Structure formats: C-alpha cells, structure tokens
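Please read the structure below before turning to the comments.
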Amino acid sequence: MPATYQAGTAAPLLVLLHGYTSSGFGQEAYLRIGPEAEKRGVLYATPDGTTDARGMRFWNATDACCNLYGATVDDSAYLTDLIKMISTQYTVDPRRVYLVGHSNGAFMSFRMACDHADIITAIAALNGAMWNDLTKCNPSQPVSVLNIRGTGDSTILFGGGAIAGHAYPSTETTVADWVGFDGCGDALNTSAPSLDLDASLPGAETTVSRYGSCRGGSAVDLWTMTDGMHVPAIGPAFVPAVLDFLLAHSR
C-alpha cells in the first residue's frame, strides 16, 4: 500500500506473477517494482503459486506451462479471488487492474487476460507465451498486452518450442493472437525509439513494435531484447517503462 493511498480514493492495482521455482518475494527482489509502485501510488501484490511434486512453486497457466505433475489447482480462479479480496479491503480502481509476469508468470498473465478480460486491464509478459491451443482463449473484451521477449532466451524460445513435450507458440504467433483479439487495425509500427532495458547488453538493445487502432483504446506492443536472455539483467529503465505502458491504459 503506497504512502499516498487514501481509503475511498480509487487506486490502480498491480499483481506480480513469479516464474517457475521462484516466489513473490524472489520475483520482487529481481525486478524491484515496489519502489516505482510506491512512487506512482499503485497498490501492489506479490502472491505465491502453489508447490508441485518437486516442492517448486508454479502457476497452472497454459497447456505448456507449467503444471508438470498433473496438479488440479485452479490458479485462474485463485488469482481472480485474490484481486476481489484485495478490492474488498482497499479502494481498487476496477478500470486499472494490471499484471506483470515473468516466465511461468508471463504464461499465467496471458491466461488471466484470456479468462478474465472483464477484470484485467493490461498485462506485461516477460519471456512467456500464449496458449498453443487458441480455442482455450476467449477474452470477453480487449486487454492491452505488452510482450517483452529476448531473442537469446534458451528457456522459452523466441521462435516457439515445447516444455516436457507440450508445445508453446512463437513470439510472432503470440503477438498475432492478441492483435486479432483486440481488433487492431493498423499495421505494425516499428518507428518508436529503442529502449535500453538490459544492463548487460550494449546500447539500446530493445526495439519497440506497436500495433495501433485497437478496440476500446487497447494496445499491443512487442519489445524485442536483441540477444536478451531468459533472466535479463534488468536495467534502471525497465520498470518505469513497463509501468508507463500499463498505466497508460484504463477501462
């Protein structure tokens, strides 16, 4: 809860979804979103997924990631209930509910956008992918999507791949899925300035590609981190840029 929060005054809510084997605490220690959320007056939650047969925390997200041992946990319902619970205790602006996810958490962010477009305003997904079976995704309304991908990611491949024999789509397909769902009318625009998001790579390594004229004021962005790895060295510009994208969108 940011210091500026006042009960009765609607505030945006951001939920961070960790990667496989990580935790809410560990993911925040990596990305360090907290100080920026505080600065911008954003309510901020860092939940944990359940543990699998190996004792590793995970989200039961899509057909590929990352329910590796046949658990029956319904994380789509869990996270929805979590958002509703927070909204009963704090004055959450229902027009501004956002998710940030990394890896397994990115897969789960896409799942939530598919299942609960009436609740989720926008997501930022770092190195994850969509459902491989697109019939599983039926968003009821547009959701703004920021897809951040590293071309050097050897865990979740930029061009698509499989986890334990279960396929996940390429970055191109994932973006195309949301361009279709959000009804974006304009062609891909790559004229936006590049960003310096990875401290381990020289210069502004991240190209920004954007679709325009999407329904309901939504947007679909692809930020491509050239040579970026699965766990990039997050630079000081990363979190402000991500929150700029998310907070620019409201229902």
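Naming scheme: A, B, ... for chains in displayed order of the structure tokens; residues 1 onward per chain; ligands 1 onward as shown.
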
>> Would you pick out the contacts of region 195-199 of chain A at 12 Å or less, using only C-alpha atoms, so that residues sharing its chain but fewer than 5 positions from it are not included, and give the list as a ChimeraX atom specification?
In response: /A:31,126,148-150,204-209,222-242

>> For the helix (DSSP H, G or I) assignment from backbone DSSP, which residues of region 30-230 of chain A qualify? Please present them as a PyMOL selection string.
In response: chain A and resi 30-31+34-39+75-89+104-115+134-136+171-181+215-217

Write a file of the selected residues as a compact mmCIF listing (two decimals), in the first residue's frame, keeping N, CA and C atoms.
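Listed below is the output, part37.txt:
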```
# COMPACT_ATOMS: atom_id res chain seq x y z
N TYR A 30 14.09 -9.48 -7.68
CA TYR A 30 14.72 -9.43 -9.01
C TYR A 30 14.30 -8.18 -9.78
N LEU A 31 13.00 -7.93 -9.89
CA LEU A 31 12.52 -6.83 -10.72
C LEU A 31 12.52 -5.48 -10.00
N GLY A 34 8.54 -2.58 -6.49
CA GLY A 34 7.97 -1.92 -5.32
C GLY A 34 8.21 -0.43 -5.23
N PRO A 35 9.46 0.03 -5.33
CA PRO A 35 9.70 1.48 -5.21
C PRO A 35 8.97 2.30 -6.28
N GLU A 36 8.87 1.76 -7.49
CA GLU A 36 8.18 2.51 -8.55
C GLU A 36 6.67 2.50 -8.33
N ALA A 37 6.14 1.38 -7.81
CA ALA A 37 4.72 1.34 -7.47
C ALA A 37 4.40 2.34 -6.37
N GLU A 38 5.27 2.43 -5.38
CA GLU A 38 5.11 3.41 -4.29
C GLU A 38 5.10 4.83 -4.84
N LYS A 39 6.03 5.12 -5.73
CA LYS A 39 6.17 6.46 -6.30
C LYS A 39 4.91 6.87 -7.07
N ASP A 75 -5.49 -21.87 -10.77
CA ASP A 75 -4.86 -20.58 -10.47
C ASP A 75 -5.60 -19.42 -11.10
N SER A 76 -6.34 -19.67 -12.17
CA SER A 76 -7.15 -18.61 -12.76
C SER A 76 -8.20 -18.14 -11.75
N ALA A 77 -8.85 -19.09 -11.08
CA ALA A 77 -9.84 -18.74 -10.06
C ALA A 77 -9.17 -18.14 -8.83
N TYR A 78 -8.01 -18.71 -8.44
CA TYR A 78 -7.30 -18.20 -7.26
C TYR A 78 -6.93 -16.73 -7.41
N LEU A 79 -6.34 -16.38 -8.56
CA LEU A 79 -5.89 -15.00 -8.75
C LEU A 79 -7.08 -14.05 -8.89
N THR A 80 -8.15 -14.52 -9.50
CA THR A 80 -9.36 -13.70 -9.56
C THR A 80 -9.90 -13.43 -8.17
N ASP A 81 -9.96 -14.47 -7.34
CA ASP A 81 -10.43 -14.30 -5.97
C ASP A 81 -9.50 -13.38 -5.18
N LEU A 82 -8.20 -13.48 -5.44
CA LEU A 82 -7.24 -12.62 -4.77
C LEU A 82 -7.51 -11.15 -5.09
N ILE A 83 -7.71 -10.86 -6.38
CA ILE A 83 -7.99 -9.49 -6.80
C ILE A 83 -9.29 -9.00 -6.16
N LYS A 84 -10.30 -9.86 -6.11
CA LYS A 84 -11.58 -9.48 -5.48
C LYS A 84 -11.41 -9.24 -3.98
N MET A 85 -10.60 -10.07 -3.33
CA MET A 85 -10.36 -9.91 -1.90
C MET A 85 -9.66 -8.58 -1.61
N ILE A 86 -8.62 -8.29 -2.39
CA ILE A 86 -7.91 -7.02 -2.22
C ILE A 86 -8.88 -5.85 -2.42
N SER A 87 -9.78 -6.02 -3.38
CA SER A 87 -10.72 -4.94 -3.70
C SER A 87 -11.75 -4.72 -2.59
N THR A 88 -11.95 -5.73 -1.73
CA THR A 88 -12.85 -5.53 -0.59
C THR A 88 -12.14 -4.83 0.57
N GLN A 89 -10.82 -4.91 0.60
CA GLN A 89 -10.06 -4.32 1.70
C GLN A 89 -9.47 -2.94 1.36
N ASN A 104 6.98 -18.49 -16.26
CA ASN A 104 5.71 -19.12 -15.92
C ASN A 104 4.66 -18.07 -15.56
N GLY A 105 5.09 -17.00 -14.89
CA GLY A 105 4.18 -15.91 -14.57
C GLY A 105 3.70 -15.15 -15.80
N ALA A 106 4.53 -15.11 -16.85
CA ALA A 106 4.10 -14.49 -18.11
C ALA A 106 3.03 -15.36 -18.78
N PHE A 107 3.23 -16.67 -18.78
CA PHE A 107 2.20 -17.58 -19.29
C PHE A 107 0.89 -17.36 -18.53
N MET A 108 1.00 -17.23 -17.20
CA MET A 108 -0.19 -17.05 -16.37
C MET A 108 -0.85 -15.71 -16.63
N SER A 109 -0.07 -14.69 -16.93
CA SER A 109 -0.63 -13.39 -17.28
C SER A 109 -1.48 -13.49 -18.54
N PHE A 110 -0.97 -14.20 -19.54
CA PHE A 110 -1.76 -14.41 -20.75
C PHE A 110 -3.03 -15.19 -20.43
N ARG A 111 -2.91 -16.20 -19.57
CA ARG A 111 -4.09 -16.99 -19.19
C ARG A 111 -5.16 -16.10 -18.55
N MET A 112 -4.73 -15.22 -17.65
CA MET A 112 -5.68 -14.34 -16.97
C MET A 112 -6.34 -13.37 -17.95
N ALA A 113 -5.58 -12.88 -18.90
CA ALA A 113 -6.15 -11.99 -19.91
C ALA A 113 -7.18 -12.72 -20.76
N CYS A 114 -6.94 -14.00 -21.02
CA CYS A 114 -7.90 -14.81 -21.76
C CYS A 114 -9.16 -15.05 -20.96
N ASP A 115 -8.98 -15.45 -19.69
CA ASP A 115 -10.11 -15.88 -18.85
C ASP A 115 -10.89 -14.74 -18.23
N LEU A 134 -5.43 -22.26 -29.27
CA LEU A 134 -6.03 -20.94 -29.15
C LEU A 134 -7.52 -21.00 -28.81
N THR A 135 -8.14 -22.14 -28.98
CA THR A 135 -9.55 -22.25 -28.60
C THR A 135 -9.74 -22.11 -27.10
N LYS A 136 -8.64 -22.22 -26.33
CA LYS A 136 -8.71 -22.07 -24.88
C LYS A 136 -8.80 -20.60 -24.45
N THR A 171 6.86 -16.12 -30.60
CA THR A 171 6.58 -14.73 -30.25
C THR A 171 5.67 -14.09 -31.29
N GLU A 172 5.97 -14.34 -32.56
CA GLU A 172 5.16 -13.78 -33.64
C GLU A 172 3.70 -14.22 -33.52
N THR A 173 3.49 -15.49 -33.23
CA THR A 173 2.12 -16.01 -33.11
C THR A 173 1.43 -15.42 -31.89
N THR A 174 2.15 -15.34 -30.77
CA THR A 174 1.57 -14.77 -29.55
C THR A 174 1.08 -13.35 -29.78
N VAL A 175 1.90 -12.54 -30.44
CA VAL A 175 1.51 -11.16 -30.75
C VAL A 175 0.32 -11.15 -31.70
N ALA A 176 0.37 -11.98 -32.73
CA ALA A 176 -0.72 -12.04 -33.71
C ALA A 176 -2.04 -12.44 -33.05
N ASP A 177 -1.96 -13.34 -32.06
CA ASP A 177 -3.18 -13.74 -31.34
C ASP A 177 -3.87 -12.52 -30.74
N TRP A 178 -3.10 -11.66 -30.08
CA TRP A 178 -3.70 -10.52 -29.39
C TRP A 178 -4.05 -9.39 -30.33
N VAL A 179 -3.34 -9.27 -31.43
CA VAL A 179 -3.75 -8.32 -32.47
C VAL A 179 -5.15 -8.70 -32.96
N GLY A 180 -5.40 -10.00 -33.10
CA GLY A 180 -6.72 -10.46 -33.51
C GLY A 180 -7.76 -10.24 -32.44
N PHE A 181 -7.45 -10.63 -31.20
CA PHE A 181 -8.42 -10.47 -30.11
C PHE A 181 -8.79 -9.01 -29.89
N ARG A 215 -9.26 -2.01 -30.50
CA ARG A 215 -10.58 -1.73 -29.94
C ARG A 215 -10.49 -1.25 -28.50
N GLY A 216 -11.39 -0.35 -28.14
CA GLY A 216 -11.52 0.09 -26.77
C GLY A 216 -10.31 0.82 -26.22
N GLY A 217 -9.48 1.39 -27.10
CA GLY A 217 -8.29 2.09 -26.64
C GLY A 217 -7.18 1.17 -26.17
```

> What are the DSSP strand (DSSP E) residues of region 21-124 of chain A, as a list in words?
Replying inline: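 Checking each residue of region 21-124 of chain A, the strand (DSSP E) ones are Leu43, Tyr44, Ala45, Thr50, Thr51, Arg57, Phe58, Val92, Asp93, Pro94, Arg95, Arg96, Val97, Tyr98, Leu99, Val100, Gly101, His102, Ala122, Ile123 and Ala124 of chain A.
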
Residues just named, written with C-alpha atoms as a CSV table (one decimal), in the first residue's frame:
```csv
chain,number,residue,atom,x,y,z
A,43,LEU,CA,-1.4,-0.9,-4.8
A,44,TYR,CA,1.0,-3.8,-5.3
A,45,ALA,CA,0.6,-7.5,-4.6
A,50,THR,CA,1.4,-23.5,-5.1
A,51,THR,CA,4.1,-26.1,-4.9
A,57,ARG,CA,6.2,-23.0,-6.8
A,58,PHE,CA,4.3,-22.8,-10.1
A,92,VAL,CA,-9.1,-0.5,-6.1
A,93,ASP,CA,-9.9,1.2,-9.3
A,94,PRO,CA,-11.6,-1.6,-11.4
A,95,ARG,CA,-10.7,0.2,-14.6
A,96,ARG,CA,-7.0,-0.1,-13.7
A,97,VAL,CA,-6.0,-3.7,-12.8
A,98,TYR,CA,-2.7,-4.9,-14.2
A,99,LEU,CA,-0.5,-8.0,-14.2
A,100,VAL,CA,3.3,-8.3,-14.7
A,101,GLY,CA,4.6,-11.8,-15.2
A,102,HIS,CA,8.0,-13.4,-15.8
A,122,ALA,CA,-3.5,-4.7,-19.2
A,123,ILE,CA,-0.6,-7.2,-18.8
A,124,ALA,CA,3.2,-7.1,-19.3
```

> What does the distance between CA of Ala162 (chain A) and CA of Ala129 (chain A) come to in Å, to one decimal place?
Replying inline: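 So the answer is 10.9 Å.
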
> Which residue, A:Ser213, A:Asn138, A:Asn60, A:Thr21, has the smallest gap to Gly185 (chain A) when you use only C-alpha atoms?
Replying inline: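 Of the candidates, the smallest distance to Gly185 (chain A) is held by A:Ser213.
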
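For the residues A:Val143, A:Leu13, A:Ile163, A:Ala29, ranking by smallest atom-to-atom distance to Arg251 (chain A) using only C-alpha atoms places A:Val143 first.
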